[in-house]
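Participant: What follows is my_file.cif; its format and atoms are mmCIF, C-alpha atoms; chains and numbers go by the auth columns.
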```cif
data_start
#
loop_
_atom_site.group_PDB
_atom_site.id
_atom_site.type_symbol
_atom_site.label_atom_id
_atom_site.label_comp_id
_atom_site.label_asym_id
_atom_site.label_seq_id
_atom_site.Cartn_x
_atom_site.Cartn_y
_atom_site.Cartn_z
_atom_site.B_iso_or_equiv
_atom_site.auth_seq_id
_atom_site.auth_asym_id
ATOM 1 C CA MET A 1 -18.682 -87.791 -82.921 0.00 1118 A
ATOM 2 C CA LEU A 2 -17.256 -85.958 -85.927 0.00 1119 A
ATOM 3 C CA GLU A 3 -14.274 -86.976 -88.012 0.00 1120 A
ATOM 4 C CA LEU A 4 -12.783 -84.195 -90.060 0.00 1121 A
ATOM 5 C CA GLN A 5 -10.073 -84.984 -92.555 0.00 1122 A
ATOM 6 C CA VAL A 6 -8.250 -82.423 -94.678 0.00 1123 A
ATOM 7 C CA ASP A 7 -6.959 -83.841 -97.962 0.00 1124 A
ATOM 8 C CA ALA A 8 -4.775 -82.336 -100.636 0.00 1125 A
ATOM 9 C CA GLY A 9 -6.420 -80.039 -103.148 0.00 1126 A
ATOM 10 C CA GLY A 10 -8.660 -78.281 -100.636 0.00 1127 A
ATOM 11 C CA VAL A 11 -10.920 -81.258 -99.974 0.00 1128 A
ATOM 12 C CA VAL A 12 -12.360 -81.585 -96.467 0.00 1129 A
ATOM 13 C CA ARG A 13 -14.113 -84.851 -95.584 0.00 1130 A
ATOM 14 C CA LEU A 14 -16.746 -84.760 -92.838 0.00 1131 A
ATOM 15 C CA GLN A 15 -17.921 -87.981 -91.199 0.00 1132 A
ATOM 16 C CA GLY A 16 -20.367 -88.550 -88.360 0.00 1133 A
ATOM 17 C CA ARG A 17 -22.300 -85.785 -86.584 0.00 1134 A
ATOM 18 C CA LEU A 18 -21.744 -82.068 -86.986 0.00 1135 A
ATOM 19 C CA ASP A 19 -23.721 -80.872 -83.973 0.00 1136 A
ATOM 20 C CA ALA A 20 -23.329 -78.270 -81.230 0.00 1137 A
ATOM 21 C CA SER A 21 -20.795 -80.392 -79.357 0.00 1138 A
ATOM 22 C CA GLU A 22 -18.499 -80.558 -82.409 0.00 1139 A
ATOM 23 C CA SER A 23 -19.106 -77.222 -84.129 0.00 1140 A
ATOM 24 C CA ASP A 24 -16.343 -75.235 -82.371 0.00 1141 A
ATOM 25 C CA ARG A 25 -13.713 -77.812 -83.318 0.00 1142 A
ATOM 26 C CA ALA A 26 -14.954 -77.965 -86.914 0.00 1143 A
ATOM 27 C CA LEU A 27 -14.905 -74.176 -87.265 0.00 1144 A
ATOM 28 C CA GLU A 28 -11.430 -73.961 -85.774 0.00 1145 A
ATOM 29 C CA THR A 29 -10.137 -76.381 -88.423 0.00 1146 A
ATOM 30 C CA LEU A 30 -12.005 -74.816 -91.339 0.00 1147 A
ATOM 31 C CA GLN A 31 -10.903 -71.294 -90.404 0.00 1148 A
ATOM 32 C CA LYS A 32 -7.281 -72.259 -91.016 0.00 1149 A
ATOM 33 C CA LEU A 33 -7.928 -73.375 -94.597 0.00 1150 A
ATOM 34 C CA ALA A 34 -7.580 -71.247 -97.693 0.00 1151 A
ATOM 35 C CA GLY A 35 -10.047 -71.621 -100.554 0.00 1152 A
ATOM 36 C CA PRO A 36 -11.303 -72.874 -102.802 0.00 1153 A
ATOM 37 C CA LEU A 37 -12.675 -75.679 -100.624 0.00 1154 A
ATOM 38 C CA THR A 38 -14.685 -78.769 -101.435 0.00 1155 A
ATOM 39 C CA ILE A 39 -16.522 -80.161 -98.422 0.00 1156 A
ATOM 40 C CA GLU A 40 -17.205 -83.843 -98.986 0.00 1157 A
ATOM 41 C CA CYS A 41 -20.261 -84.881 -96.957 0.00 1158 A
ATOM 42 C CA SER A 42 -21.097 -88.435 -98.030 0.00 1159 A
ATOM 43 C CA GLY A 43 -20.145 -89.703 -94.546 0.00 1160 A
ATOM 44 C CA LEU A 44 -21.955 -86.924 -92.706 0.00 1161 A
ATOM 45 C CA ASP A 45 -24.896 -88.577 -90.925 0.00 1162 A
ATOM 46 C CA TYR A 46 -26.315 -85.537 -89.156 0.00 1163 A
ATOM 47 C CA ILE A 47 -26.115 -81.752 -89.066 0.00 1164 A
ATOM 48 C CA SER A 48 -27.909 -79.237 -86.831 0.00 1165 A
ATOM 49 C CA SER A 49 -28.099 -75.437 -86.884 0.00 1166 A
ATOM 50 C CA ALA A 50 -24.714 -75.348 -85.108 0.00 1167 A
ATOM 51 C CA GLY A 51 -23.184 -77.225 -88.045 0.00 1168 A
ATOM 52 C CA ILE A 52 -25.017 -75.075 -90.584 0.00 1169 A
ATOM 53 C CA SER A 53 -23.535 -72.043 -88.832 0.00 1170 A
ATOM 54 C CA VAL A 54 -20.026 -73.466 -89.338 0.00 1171 A
ATOM 55 C CA ILE A 55 -20.711 -73.897 -93.056 0.00 1172 A
ATOM 56 C CA MET A 56 -22.185 -70.375 -93.336 0.00 1173 A
ATOM 57 C CA GLN A 57 -19.238 -68.768 -91.533 0.00 1174 A
ATOM 58 C CA THR A 58 -16.778 -70.642 -93.737 0.00 1175 A
ATOM 59 C CA TRP A 59 -18.636 -69.609 -96.895 0.00 1176 A
ATOM 60 C CA LYS A 60 -18.719 -65.950 -95.783 0.00 1177 A
ATOM 61 C CA ARG A 61 -15.012 -65.898 -94.961 0.00 1178 A
ATOM 62 C CA LEU A 62 -14.024 -67.465 -98.280 0.00 1179 A
ATOM 63 C CA ASN A 63 -16.452 -65.315 -100.234 0.00 1180 A
ATOM 64 C CA GLY A 64 -14.982 -62.218 -98.553 0.00 1181 A
ATOM 65 C CA GLN A 65 -11.558 -63.340 -99.724 0.00 1182 A
ATOM 66 C CA GLY A 66 -12.805 -63.731 -103.298 0.00 1183 A
ATOM 67 C CA SER A 67 -12.641 -67.512 -103.028 0.00 1184 A
ATOM 68 C CA SER A 68 -15.300 -70.219 -103.034 0.00 1185 A
ATOM 69 C CA MET A 69 -16.623 -73.339 -101.347 0.00 1186 A
ATOM 70 C CA LYS A 70 -18.790 -76.185 -102.552 0.00 1187 A
ATOM 71 C CA LEU A 71 -20.525 -79.066 -100.802 0.00 1188 A
ATOM 72 C CA VAL A 72 -20.641 -82.491 -102.394 0.00 1189 A
ATOM 73 C CA GLY A 73 -22.119 -85.893 -101.550 0.00 1190 A
ATOM 74 C CA LEU A 74 -24.835 -84.782 -99.128 0.00 1191 A
ATOM 75 C CA THR A 75 -27.247 -87.473 -97.965 0.00 1192 A
ATOM 76 C CA PRO A 76 -30.926 -86.612 -98.540 0.00 1193 A
ATOM 77 C CA ARG A 77 -31.495 -85.974 -94.806 0.00 1194 A
ATOM 78 C CA VAL A 78 -28.548 -83.631 -94.459 0.00 1195 A
ATOM 79 C CA ARG A 79 -29.567 -81.881 -97.665 0.00 1196 A
ATOM 80 C CA ASN A 80 -33.066 -81.410 -96.185 0.00 1197 A
ATOM 81 C CA VAL A 81 -31.579 -79.394 -93.316 0.00 1198 A
ATOM 82 C CA PHE A 82 -29.881 -77.064 -95.804 0.00 1199 A
ATOM 83 C CA GLY A 83 -33.261 -76.827 -97.513 0.00 1200 A
ATOM 84 C CA PHE A 84 -35.042 -75.860 -94.268 0.00 1201 A
ATOM 85 C CA ALA A 85 -32.502 -73.062 -93.899 0.00 1202 A
ATOM 86 C CA GLY A 86 -33.051 -71.950 -97.519 0.00 1203 A
ATOM 87 C CA LEU A 87 -29.373 -72.560 -98.187 0.00 1204 A
ATOM 88 C CA ASP A 88 -29.832 -75.201 -100.877 0.00 1205 A
ATOM 89 C CA LYS A 89 -30.549 -72.354 -103.308 0.00 1206 A
ATOM 90 C CA VAL A 90 -27.647 -70.078 -102.389 0.00 1207 A
ATOM 91 C CA LEU A 91 -24.778 -72.450 -101.628 0.00 1208 A
ATOM 92 C CA ASP A 92 -22.944 -74.412 -104.294 0.00 1209 A
ATOM 93 C CA ILE A 93 -24.254 -77.939 -103.571 0.00 1210 A
ATOM 94 C CA GLU A 94 -23.591 -80.818 -105.977 0.00 1211 A
ATOM 95 C CA MET B 1 -38.709 -92.203 -70.779 0.00 285 B
ATOM 96 C CA VAL B 2 -37.230 -89.313 -68.834 0.00 286 B
ATOM 97 C CA LYS B 3 -33.670 -88.081 -68.557 0.00 287 B
ATOM 98 C CA ALA B 4 -32.226 -85.133 -66.637 0.00 288 B
ATOM 99 C CA VAL B 5 -28.915 -83.737 -67.838 0.00 289 B
ATOM 100 C CA ALA B 6 -26.701 -80.933 -66.604 0.00 290 B
ATOM 101 C CA ARG B 7 -27.277 -77.585 -68.276 0.00 291 B
ATOM 102 C CA ARG B 8 -24.092 -77.457 -70.317 0.00 292 B
ATOM 103 C CA MET B 9 -23.142 -78.198 -73.915 0.00 293 B
ATOM 104 C CA GLU B 10 -21.130 -81.282 -72.926 0.00 294 B
ATOM 105 C CA SER B 11 -24.418 -82.955 -71.911 0.00 295 B
ATOM 106 C CA LEU B 12 -25.477 -83.120 -75.540 0.00 296 B
ATOM 107 C CA VAL B 13 -23.592 -86.399 -76.030 0.00 297 B
ATOM 108 C CA THR B 14 -25.526 -87.998 -73.129 0.00 298 B
ATOM 109 C CA LEU B 15 -28.774 -86.606 -74.484 0.00 299 B
ATOM 110 C CA VAL B 16 -28.119 -87.964 -77.978 0.00 300 B
ATOM 111 C CA ASP B 17 -27.570 -91.455 -76.499 0.00 301 B
ATOM 112 C CA PHE B 18 -30.804 -91.190 -74.490 0.00 302 B
ATOM 113 C CA VAL B 19 -32.808 -90.093 -77.528 0.00 303 B
ATOM 114 C CA ARG B 20 -31.296 -92.867 -79.656 0.00 304 B
ATOM 115 C CA GLU B 21 -32.221 -95.467 -77.011 0.00 305 B
ATOM 116 C CA PHE B 22 -35.829 -94.248 -77.025 0.00 306 B
ATOM 117 C CA LEU B 23 -36.085 -94.128 -80.826 0.00 307 B
ATOM 118 C CA ASP B 24 -34.627 -97.626 -81.192 0.00 308 B
ATOM 119 C CA ALA B 25 -36.954 -99.037 -78.519 0.00 309 B
ATOM 120 C CA GLU B 26 -39.950 -97.441 -80.235 0.00 310 B
ATOM 121 C CA LYS B 27 -38.764 -98.560 -83.689 0.00 311 B
ATOM 122 C CA VAL B 28 -39.038 -95.050 -85.103 0.00 312 B
ATOM 123 C CA SER B 29 -37.883 -94.832 -88.741 0.00 313 B
ATOM 124 C CA GLU B 30 -34.417 -93.403 -89.412 0.00 314 B
ATOM 125 C CA GLU B 31 -35.918 -90.465 -91.271 0.00 315 B
ATOM 126 C CA ALA B 32 -38.192 -89.468 -88.376 0.00 316 B
ATOM 127 C CA ALA B 33 -35.392 -90.189 -85.892 0.00 317 B
ATOM 128 C CA PHE B 34 -33.150 -87.647 -87.638 0.00 318 B
ATOM 129 C CA ASP B 35 -35.804 -84.951 -87.325 0.00 319 B
ATOM 130 C CA ILE B 36 -36.565 -85.772 -83.667 0.00 320 B
ATOM 131 C CA ASP B 37 -32.855 -85.738 -82.851 0.00 321 B
ATOM 132 C CA LEU B 38 -32.576 -82.342 -84.538 0.00 322 B
ATOM 133 C CA VAL B 39 -35.537 -80.793 -82.702 0.00 323 B
ATOM 134 C CA ILE B 40 -34.288 -81.972 -79.292 0.00 324 B
ATOM 135 C CA GLU B 41 -30.767 -80.685 -79.928 0.00 325 B
ATOM 136 C CA GLU B 42 -32.059 -77.295 -81.050 0.00 326 B
ATOM 137 C CA LEU B 43 -34.314 -76.841 -78.003 0.00 327 B
ATOM 138 C CA PHE B 44 -31.620 -78.055 -75.613 0.00 328 B
ATOM 139 C CA THR B 45 -28.836 -75.866 -77.024 0.00 329 B
ATOM 140 C CA ASN B 46 -31.183 -72.864 -77.088 0.00 330 B
ATOM 141 C CA LEU B 47 -31.756 -73.317 -73.344 0.00 331 B
ATOM 142 C CA VAL B 48 -28.066 -73.840 -72.591 0.00 332 B
ATOM 143 C CA ARG B 49 -26.952 -70.804 -74.610 0.00 333 B
ATOM 144 C CA HIS B 50 -29.727 -68.341 -73.914 0.00 334 B
ATOM 145 C CA GLY B 51 -31.814 -69.617 -70.975 0.00 335 B
ATOM 146 C CA ARG B 52 -32.159 -67.625 -67.779 0.00 336 B
ATOM 147 C CA GLY B 53 -32.075 -70.437 -65.274 0.00 337 B
ATOM 148 C CA SER B 54 -29.802 -72.933 -63.616 0.00 338 B
ATOM 149 C CA GLY B 55 -30.004 -76.588 -62.728 0.00 339 B
ATOM 150 C CA ASP B 56 -30.627 -79.664 -64.824 0.00 340 B
ATOM 151 C CA ILE B 57 -32.713 -79.841 -67.973 0.00 341 B
ATOM 152 C CA GLU B 58 -35.229 -82.692 -68.057 0.00 342 B
ATOM 153 C CA VAL B 59 -36.285 -84.316 -71.313 0.00 343 B
ATOM 154 C CA GLU B 60 -39.308 -86.624 -71.440 0.00 344 B
ATOM 155 C CA LEU B 61 -40.149 -88.639 -74.548 0.00 345 B
ATOM 156 C CA SER B 62 -43.310 -90.600 -75.179 0.00 346 B
ATOM 157 C CA ARG B 63 -44.922 -92.339 -78.117 0.00 347 B
ATOM 158 C CA ALA B 64 -48.551 -92.315 -79.146 0.00 348 B
ATOM 159 C CA PRO B 65 -50.062 -93.639 -82.379 0.00 349 B
ATOM 160 C CA GLY B 66 -48.614 -91.593 -85.231 0.00 350 B
ATOM 161 C CA GLU B 67 -46.633 -89.212 -83.054 0.00 351 B
ATOM 162 C CA VAL B 68 -43.769 -88.654 -80.654 0.00 352 B
ATOM 163 C CA ARG B 69 -44.214 -86.147 -77.819 0.00 353 B
ATOM 164 C CA ILE B 70 -41.248 -84.263 -76.411 0.00 354 B
ATOM 165 C CA LEU B 71 -41.427 -82.385 -73.110 0.00 355 B
ATOM 166 C CA ILE B 72 -38.474 -80.281 -71.997 0.00 356 B
ATOM 167 C CA ARG B 73 -38.544 -78.858 -68.476 0.00 357 B
ATOM 168 C CA ALA B 74 -36.106 -76.427 -66.941 0.00 358 B
ATOM 169 C CA ALA B 75 -36.079 -74.049 -64.002 0.00 359 B
ATOM 170 C CA GLU B 76 -36.173 -70.470 -65.293 0.00 360 B
ATOM 171 C CA ALA B 77 -36.213 -67.291 -63.220 0.00 361 B
ATOM 172 C CA SER B 78 -38.614 -65.773 -65.741 0.00 362 B
ATOM 173 C CA PRO B 79 -40.371 -67.173 -68.823 0.00 363 B
ATOM 174 C CA PHE B 80 -37.971 -68.114 -71.617 0.00 364 B
ATOM 175 C CA ASP B 81 -40.357 -68.931 -74.429 0.00 365 B
ATOM 176 C CA PRO B 82 -38.810 -70.496 -77.556 0.00 366 B
ATOM 177 C CA THR B 83 -42.122 -70.245 -79.423 0.00 367 B
ATOM 178 C CA ALA B 84 -41.766 -66.446 -79.238 0.00 368 B
ATOM 179 C CA ALA B 85 -38.338 -66.400 -80.925 0.00 369 B
ATOM 180 C CA PRO B 86 -38.175 -64.049 -83.940 0.00 370 B
ATOM 181 C CA ARG B 87 -38.895 -65.642 -87.285 0.00 371 B
ATOM 182 C CA VAL B 88 -36.048 -66.251 -89.716 0.00 372 B
ATOM 183 C CA ASN B 89 -36.350 -65.264 -93.369 0.00 373 B
ATOM 184 C CA PRO B 90 -34.788 -68.199 -95.279 0.00 374 B
ATOM 185 C CA ASN B 91 -34.956 -66.268 -98.557 0.00 375 B
ATOM 186 C CA LEU B 92 -32.382 -63.587 -97.741 0.00 376 B
ATOM 187 C CA PRO B 93 -29.133 -63.557 -99.740 0.00 377 B
ATOM 188 C CA MET B 94 -26.200 -65.145 -97.915 0.00 378 B
ATOM 189 C CA GLU B 95 -24.497 -61.814 -97.291 0.00 379 B
ATOM 190 C CA GLN B 96 -27.477 -60.676 -95.198 0.00 380 B
ATOM 191 C CA ARG B 97 -27.874 -63.912 -93.242 0.00 381 B
ATOM 192 C CA ARG B 98 -26.828 -64.419 -89.681 0.00 382 B
ATOM 193 C CA ALA B 99 -26.417 -67.869 -88.231 0.00 383 B
ATOM 194 C CA GLY B 100 -28.590 -67.258 -85.144 0.00 384 B
ATOM 195 C CA GLY B 101 -32.217 -68.276 -84.940 0.00 385 B
ATOM 196 C CA LEU B 102 -32.065 -71.173 -87.366 0.00 386 B
ATOM 197 C CA GLY B 103 -32.503 -73.799 -84.649 0.00 387 B
ATOM 198 C CA ILE B 104 -35.986 -72.649 -83.617 0.00 388 B
ATOM 199 C CA HIS B 105 -36.796 -72.155 -87.313 0.00 389 B
ATOM 200 C CA PHE B 106 -36.073 -75.887 -87.804 0.00 390 B
ATOM 201 C CA VAL B 107 -38.282 -76.808 -84.824 0.00 391 B
ATOM 202 C CA ARG B 108 -41.171 -74.799 -86.285 0.00 392 B
ATOM 203 C CA GLN B 109 -40.770 -76.551 -89.634 0.00 393 B
ATOM 204 C CA LEU B 110 -40.685 -80.063 -88.217 0.00 394 B
ATOM 205 C CA CYS B 111 -43.360 -80.215 -85.506 0.00 395 B
ATOM 206 C CA SER B 112 -47.131 -80.217 -85.492 0.00 396 B
ATOM 207 C CA VAL B 113 -47.413 -78.754 -81.971 0.00 397 B
ATOM 208 C CA PHE B 114 -44.974 -76.283 -80.376 0.00 398 B
ATOM 209 C CA ARG B 115 -46.088 -74.824 -77.034 0.00 399 B
ATOM 210 C CA TYR B 116 -44.515 -73.321 -73.955 0.00 400 B
ATOM 211 C CA GLU B 117 -45.775 -72.640 -70.457 0.00 401 B
ATOM 212 C CA TRP B 118 -44.120 -71.306 -67.344 0.00 402 B
ATOM 213 C CA THR B 119 -45.472 -72.162 -63.921 0.00 403 B
ATOM 214 C CA ASP B 120 -43.882 -71.633 -60.519 0.00 404 B
ATOM 215 C CA GLY B 121 -40.452 -71.070 -61.989 0.00 405 B
ATOM 216 C CA ILE B 122 -40.486 -74.110 -64.295 0.00 406 B
ATOM 217 C CA GLY B 123 -40.615 -73.626 -68.049 0.00 407 B
ATOM 218 C CA THR B 124 -42.060 -76.520 -70.049 0.00 408 B
ATOM 219 C CA THR B 125 -41.822 -76.817 -73.812 0.00 409 B
ATOM 220 C CA LEU B 126 -44.079 -79.316 -75.557 0.00 410 B
ATOM 221 C CA VAL B 127 -43.340 -80.463 -79.082 0.00 411 B
ATOM 222 C CA VAL B 128 -45.325 -83.084 -80.981 0.00 412 B
ATOM 223 C CA MET B 129 -43.888 -84.623 -84.132 0.00 413 B
ATOM 224 C CA GLY B 130 -45.618 -86.934 -86.553 0.00 414 B
ATOM 225 C CA VAL B 131 -44.109 -90.392 -87.195 0.00 415 B
ATOM 226 C CA ASN B 132 -45.314 -93.339 -89.197 0.00 416 B
ATOM 227 C CA GLY B 133 -47.077 -96.060 -87.240 0.00 417 B
#
```
As C-alpha cells, please, write out the structure in this file.

Facilitator:
Amino acid sequence: MLELQVDAGGVVRLQGRLDASESDRALETLQKLAGPLTIECSGLDYISSAGISVIMQTWKRLNGQGSSMKLVGLTPRVRNVFGFAGLDKVLDIE
Amino acid sequence: MVKAVARRMESLVTLVDFVREFLDAEKVSEEAAFDIDLVIEELFTNLVRHGRGSGDIEVELSRAPGEVRILIRAAEASPFDPTAAPRVNPNLPMEQRRAGGLGIHFVRQLCSVFRYEWTDGIGTTLVVMGVNG
C-alpha cells in the first residue's frame, strides 16, 4: 500500500510500497505536478522497477520542461535499488 | 510453501502477503527479505506483462542453509525465458535510458542462480538467493 501526499512548496511524501500495483496511481498524481519537486522518501519502505520507472518518467518530464526534481530521505535499502539501476549517480539524491 | 495466483497485476498484493508469511516463518533478515520480495515481484510482473501463456502463476519458496530458493511456474505456449532478456546498461545518461528491462537487471544482480527451463508447455524459473543463517 502506498500513501502519497502532496504538500505545499512542491514536496511529495511517499510512504509504504511503490510497486507495480501502485505505480500507475503514483504516476498519475506526479504527472499533474509542476516542478521543481522534492520527493520525500523517508517513509518509503520498498520500491521495485515499476516505482523506479515512475521516478524516471517524472524526472524526464520535468527535465524536458527545464525544471528539476530531487529525492530526499531514502532508506539504505531503497537507495540500493537506485544504485542497482545506476541512478544514484545521475539523479539528485540527498 | 507454494501459492498459485491469477495471472494479473492485482494478484501482486496476495503474492506479497504470501512471501511475507514465508520470510517471517523462516526468520529471514529484513535486508534479505527486501531483496527476495523485489526479485519475486520482478519475475511475476515480467510474466504478467510479457508472458505468452494463460492460467495461474505458481510460486514455490523453500529455505536451505544459507539460501532461499524461488521456483516460478507458469503455462507458456512457447518458451518465455527471462534469463535471455537483453542486458541493461546502467551507465547511460538519463536522457538515453528507458524504463524497461530494469526488473530482470535487478534479478541478475541479486541472485546466485538464475535458470529457466520449459517442458511440456510449462516454464519454470529457478532463482537462488543467499541469506544469512

Participant: Once you count all atoms listed in the file, which residues of chain B turn out to be within 7 Å of chain A? Could you give them as an MDAnalysis selection string?

Facilitator: chainID B and resid 293:294 296 322 374:375 378 383 386:387 390

Participant: Just so the selection is clear, what residues does the PyMOL selection byres ((chain B and resi 333) around 12) cover here, as a ChimeraX atom specification?

Facilitator: /A:1137,1167 /B:291-293,325-332,334-338,364,384-385,387

Participant: I need the residue set behind the PyMOL selection byres ((chain A and resi 1185) around 9) for this file; please write it as a list in words.

Facilitator: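 Taken over the shown coordinates, the PyMOL selection byres ((chain A and resi 1185) around 9) returns Gly1152, Pro1153, Leu1154, Thr1155, Trp1176, Leu1179, Asn1180, Gln1182, Gly1183, Ser1184, Met1186, Lys1187 and Asp1209 of chain A.
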
Participant: With C-alpha atoms retained, write the just-selected residues as an mmCIF file, in the frame of the given file.

Facilitator:
```cif
data_model
loop_
_atom_site.group_PDB
_atom_site.id
_atom_site.type_symbol
_atom_site.label_atom_id
_atom_site.label_comp_id
_atom_site.auth_asym_id
_atom_site.auth_seq_id
_atom_site.Cartn_x
_atom_site.Cartn_y
_atom_site.Cartn_z
ATOM 1 C CA GLY A 1152 -10.047 -71.621 -100.554
ATOM 2 C CA PRO A 1153 -11.303 -72.874 -102.802
ATOM 3 C CA LEU A 1154 -12.675 -75.679 -100.624
ATOM 4 C CA THR A 1155 -14.685 -78.769 -101.435
ATOM 5 C CA TRP A 1176 -18.636 -69.609 -96.895
ATOM 6 C CA LEU A 1179 -14.024 -67.465 -98.280
ATOM 7 C CA ASN A 1180 -16.452 -65.315 -100.234
ATOM 8 C CA GLN A 1182 -11.558 -63.340 -99.724
ATOM 9 C CA GLY A 1183 -12.805 -63.731 -103.298
ATOM 10 C CA SER A 1184 -12.641 -67.512 -103.028
ATOM 11 C CA MET A 1186 -16.623 -73.339 -101.347
ATOM 12 C CA LYS A 1187 -18.790 -76.185 -102.552
ATOM 13 C CA ASP A 1209 -22.944 -74.412 -104.294
#
```

Participant: Separation of atom CA of Val415 of chain B and atom CA of Thr1192 of chain A, in Å?

Facilitator: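 Interatomic distance here is 20.2 Å.
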
Participant: Which residues, written as a list in words, have at least one atom at most 8 Å from Leu1161 of chain A, with only C-alpha atoms counted and residues fewer than 4 positions away on the same chain left out?

Facilitator: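 Non-adjacent residues within range: Leu1131, Gln1132, Gly1133, Arg1134, Leu1135, Leu1191, Thr1192 and Val1195 of chain A.
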
Participant: Can you list what the PyMOL selection byres ((chain B and resi 347) around 10) grabs from this structure, as an MDAnalysis selection string?

Facilitator: chainID B and resid 285 306:307 310 312 345:346 348:354 412:413 415

Participant: Show which residues sit within 8 Å of Arg399 of chain B, as a PyMOL selection string. Count all atoms listed in the file, and ignore same-chain residues fewer than 4 positions away.

Facilitator: chain B and resi 367+409-411

Participant: Set up a box along x, y and z of the file covering all listed atoms of segment 371-381 of chain B, add 3 Å on every one of the six sides, and write the centre and edge lengths in Å to one decimal, as JSON.

Facilitator:
```
{"center_x": -31.7, "center_y": -64.4, "center_z": -93.5, "size_x": 20.4, "size_y": 13.5, "size_z": 18.5}
```

Participant: Mind giving me the straight-line distance from atom CA of Tyr400 of chain B to atom CA of Arg1196 of chain A in Å, one decimal?

Facilitator: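 Atom CA of Tyr400 of chain B sits 29.3 Å away from atom CA of Arg1196 of chain A.
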
Participant: Would you pick out the contacts of Val300 of chain B at 9 Å or less, using only C-alpha atoms, so that residues sharing its chain but fewer than 4 positions from it are not included, and give the list as a PyMOL selection string?

Facilitator: chain B and resi 295-296+304-305+321+324-325

Participant: In Å, how far is it from atom CA of Ile341 of chain B to atom CA of Pro370 of chain B?

Facilitator: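 It comes out at 23.1 Å.
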
Participant: What would the list of residues within 7 Å of (-13.3, -79.2, -96.2) (file frame) look like as an MDAnalysis selection string, if all atoms listed in the file are what count?

Facilitator: chainID A and resid 1123 1127:1130 1147 1154:1157

Participant: Given only C-alpha atoms as the basis, pick out the residue of B:Val286, B:Ala359, B:Leu299, B:Ala309 nearest to Trp402 of chain B.

Facilitator: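 For Trp402 of chain B, the nearest of the candidates is B:Ala359.
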
Participant: Rank nothing, just name the residue among B:Pro377, B:Ser362, B:Phe318, B:Ala369 nearest to Phe398 of chain B, using all atoms listed in the file.

Facilitator: B:Ala369

Participant: Missing atoms in segment 1178-1190 of chain A: fill them in up to N, CA and C atoms and send the result as an mmCIF file, in the coordinates of the input.

Facilitator:
```cif
data_model
loop_
_atom_site.group_PDB
_atom_site.id
_atom_site.type_symbol
_atom_site.label_atom_id
_atom_site.label_comp_id
_atom_site.auth_asym_id
_atom_site.auth_seq_id
_atom_site.Cartn_x
_atom_site.Cartn_y
_atom_site.Cartn_z
ATOM 1 N N ARG A 1178 -16.438 -66.236 -95.013
ATOM 2 C CA ARG A 1178 -15.012 -65.898 -94.961
ATOM 3 C C ARG A 1178 -14.371 -66.061 -96.333
ATOM 4 N N LEU A 1179 -14.636 -67.205 -96.972
ATOM 5 C CA LEU A 1179 -14.024 -67.465 -98.280
ATOM 6 C C LEU A 1179 -14.558 -66.496 -99.334
ATOM 7 N N ASN A 1180 -15.855 -66.247 -99.281
ATOM 8 C CA ASN A 1180 -16.452 -65.315 -100.234
ATOM 9 C C ASN A 1180 -15.841 -63.913 -100.082
ATOM 10 N N GLY A 1181 -15.603 -63.523 -98.824
ATOM 11 C CA GLY A 1181 -14.982 -62.218 -98.553
ATOM 12 C C GLY A 1181 -13.552 -62.142 -99.063
ATOM 13 N N GLN A 1182 -12.940 -63.295 -99.211
ATOM 14 C CA GLN A 1182 -11.558 -63.340 -99.724
ATOM 15 C C GLN A 1182 -11.539 -63.557 -101.230
ATOM 16 N N GLY A 1183 -12.718 -63.524 -101.854
ATOM 17 C CA GLY A 1183 -12.805 -63.731 -103.298
ATOM 18 C C GLY A 1183 -12.629 -65.182 -103.701
ATOM 19 N N SER A 1184 -12.793 -66.096 -102.732
ATOM 20 C CA SER A 1184 -12.641 -67.512 -103.028
ATOM 21 C C SER A 1184 -14.012 -68.199 -102.966
ATOM 22 N N SER A 1185 -14.013 -69.517 -102.951
ATOM 23 C CA SER A 1185 -15.300 -70.219 -103.034
ATOM 24 C C SER A 1185 -15.276 -71.512 -102.222
ATOM 25 N N MET A 1186 -16.469 -72.082 -102.086
ATOM 26 C CA MET A 1186 -16.623 -73.339 -101.347
ATOM 27 C C MET A 1186 -17.780 -74.098 -101.967
ATOM 28 N N LYS A 1187 -17.633 -75.400 -102.112
ATOM 29 C CA LYS A 1187 -18.790 -76.185 -102.552
ATOM 30 C C LYS A 1187 -18.956 -77.412 -101.667
ATOM 31 N N LEU A 1188 -20.187 -77.895 -101.607
ATOM 32 C CA LEU A 1188 -20.525 -79.066 -100.802
ATOM 33 C C LEU A 1188 -20.887 -80.201 -101.751
ATOM 34 N N VAL A 1189 -20.324 -81.360 -101.516
ATOM 35 C CA VAL A 1189 -20.641 -82.491 -102.394
ATOM 36 C C VAL A 1189 -21.011 -83.725 -101.559
ATOM 37 N N GLY A 1190 -21.816 -84.593 -102.162
ATOM 38 C CA GLY A 1190 -22.119 -85.893 -101.550
ATOM 39 C C GLY A 1190 -23.074 -85.864 -100.377
#
```
